[in-house]
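Only one structure is covered here, and it is reproduced in the block below.
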Protein chains: 2
Amino acid sequence: MDAPDILKNRGLKVTKIRVAILEAMGESRQALPYSELQKKLSIFDRTTLYRTLLVMIDKGFIHKALEENGDTYYALCSSCTSKVHNHNHVHFKCKECSSVQCLYLQNEIGLSIPEISIETIEITAKGTCSLCRLTN
Amino acid sequence: MDAPDILKNRGLKVTKIRVAILEAMGESRQALPYSELQKKLSIFDRTTLYRTLLVMIDKGFIHKALEENGDTYYALCSSCTSKVHNHNHVHFKCKECSSVQCLYLQNEIGLSIPEISIETIEITAKGTCSLCRLTN
DNA sequence: ACATTAAATGCAACGGTGTTGCATTTAATG
DNA sequence: CATTAAATGCAACACCGTTGCATTTAATGT
Ligand SMILES: [Mn+2]
Ligand SMILES: [Mn+2]
Ligand SMILES: [Zn+2]
Ligand SMILES: [Zn+2]
């Protein structure tokens with residue numbers, strides 16, 4: 001299913017920038033830093049990009065995978081809706097190539113601390129990705 | 001041991017802003033967002049604050065506990081040196097009062113994924129802190 | 001195909017943060 | 001107290017987050 005259909009099915013207007021964002025993120029298979037989205041979508045005003053990202057987060061199309069050193073990495077959601085947001089997966093950043101990806105694992109990771117009520121857990125792993133391991 | 005001694009013992013010059021940062025963070029017992037440090041230390045130029053934070057991270061005095069929505073939370077290190085940085089602990093943010101703290105737990109949390117070599121893991125938990133739970 | 005309208009867009013503008021260069025000041029040392 | 005490497009303050013620039021407002025556009029019904 002292509003980007004315009006995805007948008008229609010979820011009751012969102014089909015606009016150029018929304019299509020462009022979905023296509024850019026679908027191709028890369030990885031999280032994209034804001035700075036790169038900005039470059040790829042430089043035909044659009046950055047305010048429009050900013051507001052579109054807000055909408056697409058809210059509607060469950062994308063999520064923030066990582067915020068680091070002022071850059072924010074965005075990734076496609078796997079099963080979110082405007083009502084239900086599920087981001088209980090691991091984010092991985094390669095120290096070599098700086099790529100960021102979502103890792104969907106089998107076993108859930110839980111935490112329990114006395115006195116504190118924990119609702120969500122975010123895990124960011126860092127190391128060397130499979131591609132960079134081959135290169136070395 | 002007070003802030004000037006801590007700095008001397010680690011071979012750093014005792015300057016006003018370094019003392020002020022150590023004291024501000026020591027009192028709060030929590031991570032402080034950059035924005036708050038900026039306010040508390042407004043007598044200093046913000047470039048100096050910026051560079052001092054860089055040095056103190058490098059020297060193992062403080063670390064970034066959380067980066068979220070453009071604000072960075074800094075916390076005191078428990079046992080880091082300029083050579084060895086140990087941040088394998090959990091960071092917790094209360095959704096009620098926005099406080100951020102370091103949680104030093106017993107059991108280590110490990111992750112293992114085929115093809116990928118994981119070196120470090122960062123865990124951020126969110127929920128309601130003990131103080132806010134009492135208030136509710 | 002065309003008019004209607006709510007939503008989306010582009011532009012301007014402001015404040016905050018990250019970052020660097022450079023001249024000046026200061027903490028440590030003997 | 002003199003020396004000097006380190007730290008500081010100031011200026012400057014780029015980038016990001018955010019908002020208001022006027023204009024354009026996608027969707028809908030006729
Ligand atoms: Mn993800
Ligand atoms: Mn910490
Ligand atoms: Zn890599
Ligand atoms: Zn709280």
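Here, A, B, ... name the chains of the structure tokens in the order displayed, residue numbers run from 1 inside each chain, and ligands are numbered from 1 in the same displayed order.
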
Hey, which residues come within 8 Å of ligand 2 if we count only C-alpha atoms (C1' of nucleotides) and all ligand atoms? Could you give them as a ChimeraX atom specification?
-> /B:31,63-65,74-77,87,89-91,101-103

Selected residues written out, C-alpha atoms, as a PDB file, in the first residue's frame:
```
ATOM      1  CA  ALA B  31      19.035  15.978  37.964  1.00  0.00           C
ATOM      2  CA  HIS B  63      26.517  13.248  33.206  1.00  0.00           C
ATOM      3  CA  LYS B  64      23.511  13.788  31.022  1.00  0.00           C
ATOM      4  CA  ALA B  65      20.642  11.974  32.699  1.00  0.00           C
ATOM      5  CA  TYR B  74      22.345  16.884  34.264  1.00  0.00           C
ATOM      6  CA  ALA B  75      23.097  14.759  37.321  1.00  0.00           C
ATOM      7  CA  LEU B  76      26.072  14.212  39.563  1.00  0.00           C
ATOM      8  CA  CYS B  77      28.118  11.111  38.847  1.00  0.00           C
ATOM      9  CA  HIS B  87      26.509   5.257  33.791  1.00  0.00           C
ATOM     10  CA  HIS B  89      21.995   2.880  35.927  1.00  0.00           C
ATOM     11  CA  VAL B  90      18.385   3.789  35.365  1.00  0.00           C
ATOM     12  CA  HIS B  91      17.031   7.294  34.934  1.00  0.00           C
ATOM     13  CA  GLN B 101      16.640  11.195  39.238  1.00  0.00           C
ATOM     14  CA  CYS B 102      19.227   8.463  38.957  1.00  0.00           C
ATOM     15  CA  LEU B 103      18.198   5.033  40.225  1.00  0.00           C
TER      16      LEU B 103
END
```

Pull out every residue of chain A that has at least one atom within 9 Å of chain D, counting only C-alpha atoms (C1' of nucleotides), and report them as an mmCIF file with N, CA, C and O atoms, in the first residue's frame.
```
data_model
loop_
_atom_site.group_PDB
_atom_site.id
_atom_site.type_symbol
_atom_site.label_atom_id
_atom_site.label_comp_id
_atom_site.auth_asym_id
_atom_site.auth_seq_id
_atom_site.Cartn_x
_atom_site.Cartn_y
_atom_site.Cartn_z
ATOM 1 N N LYS A 13 -5.811 14.002 5.515
ATOM 2 C CA LYS A 13 -5.709 14.588 4.189
ATOM 3 C C LYS A 13 -4.399 14.179 3.525
ATOM 4 O O LYS A 13 -3.363 14.083 4.182
ATOM 5 N N VAL A 14 -4.471 13.943 2.241
ATOM 6 C CA VAL A 14 -3.259 13.592 1.494
ATOM 7 C C VAL A 14 -2.573 14.868 1.035
ATOM 8 O O VAL A 14 -3.035 15.539 0.115
ATOM 9 N N THR A 15 -1.498 15.214 1.697
ATOM 10 C CA THR A 15 -0.740 16.410 1.311
ATOM 11 C C THR A 15 0.660 15.988 0.882
ATOM 12 O O THR A 15 1.132 14.907 1.223
ATOM 13 N N THR A 47 8.511 25.251 9.078
ATOM 14 C CA THR A 47 7.383 25.277 10.008
ATOM 15 C C THR A 47 6.375 24.199 9.652
ATOM 16 O O THR A 47 5.803 23.544 10.513
ATOM 17 N N TYR A 50 7.749 20.974 10.785
ATOM 18 C CA TYR A 50 7.587 20.905 12.245
ATOM 19 C C TYR A 50 6.166 20.509 12.617
ATOM 20 O O TYR A 50 5.947 19.570 13.392
ATOM 21 N N GLY A 70 20.852 17.346 20.624
ATOM 22 C CA GLY A 70 20.039 18.312 19.897
ATOM 23 C C GLY A 70 19.411 17.819 18.617
ATOM 24 O O GLY A 70 18.643 18.539 17.980
#
```

Cys80 of chain B environment, 6 Å, only C-alpha atoms (C1' of nucleotides), sequence neighbours closer than 5 positions dropped, as a PDB file with all heavy atoms, in the first residue's frame:
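See part_12.pdb below for the written result:
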```pdb
ATOM      1  N   GLY B  60      34.202  13.529  34.564  1.00  0.00           N
ATOM      2  CA  GLY B  60      33.485  12.541  35.365  1.00  0.00           C
ATOM      3  C   GLY B  60      32.775  13.089  36.589  1.00  0.00           C
ATOM      4  O   GLY B  60      32.483  12.349  37.519  1.00  0.00           O
ATOM      5  N   HIS B  85      34.083   6.096  32.895  1.00  0.00           N
ATOM      6  CA  HIS B  85      32.715   6.609  33.042  1.00  0.00           C
ATOM      7  C   HIS B  85      31.730   5.448  33.193  1.00  0.00           C
ATOM      8  O   HIS B  85      31.630   4.604  32.315  1.00  0.00           O
ATOM      9  CB  HIS B  85      32.354   7.460  31.826  1.00  0.00           C
ATOM     10  CG  HIS B  85      33.171   8.705  31.708  1.00  0.00           C
ATOM     11  ND1 HIS B  85      32.730   9.940  32.132  1.00  0.00           N
ATOM     12  CD2 HIS B  85      34.419   8.904  31.243  1.00  0.00           C
ATOM     13  CE1 HIS B  85      33.670  10.845  31.928  1.00  0.00           C
ATOM     14  NE2 HIS B  85      34.705  10.256  31.383  1.00  0.00           N
ATOM     15  N   ASN B  86      31.058   5.426  34.326  1.00  0.00           N
ATOM     16  CA  ASN B  86      30.073   4.374  34.588  1.00  0.00           C
ATOM     17  C   ASN B  86      28.669   4.955  34.710  1.00  0.00           C
ATOM     18  O   ASN B  86      28.330   5.553  35.720  1.00  0.00           O
ATOM     19  CB  ASN B  86      30.417   3.660  35.907  1.00  0.00           C
ATOM     20  CG  ASN B  86      31.462   2.603  35.704  1.00  0.00           C
ATOM     21  OD1 ASN B  86      31.605   2.071  34.608  1.00  0.00           O
ATOM     22  ND2 ASN B  86      32.182   2.278  36.762  1.00  0.00           N
TER      23      ASN B  86
END
```

Please identify all polymer residues within 12 Å of Gly11 of chain B, counting only C-alpha atoms (C1' of nucleotides), omitting same-chain residues fewer than 3 positions from it, and present them as a PyMOL selection string.
-> (chain B and resi 4-8+14+56+59+81-82) or (chain C and resi 28)

If we count only C-alpha atoms (C1' of nucleotides), what is near Lys16 of chain A at a cut-off of 12 Å, once residues fewer than 4 positions away on the same chain are taken out, given as number ranges by chain?
-> A: 3-4, 7, 20-23, 41, 43-44, 48-49, 52; C: 8-9; D: 25-26
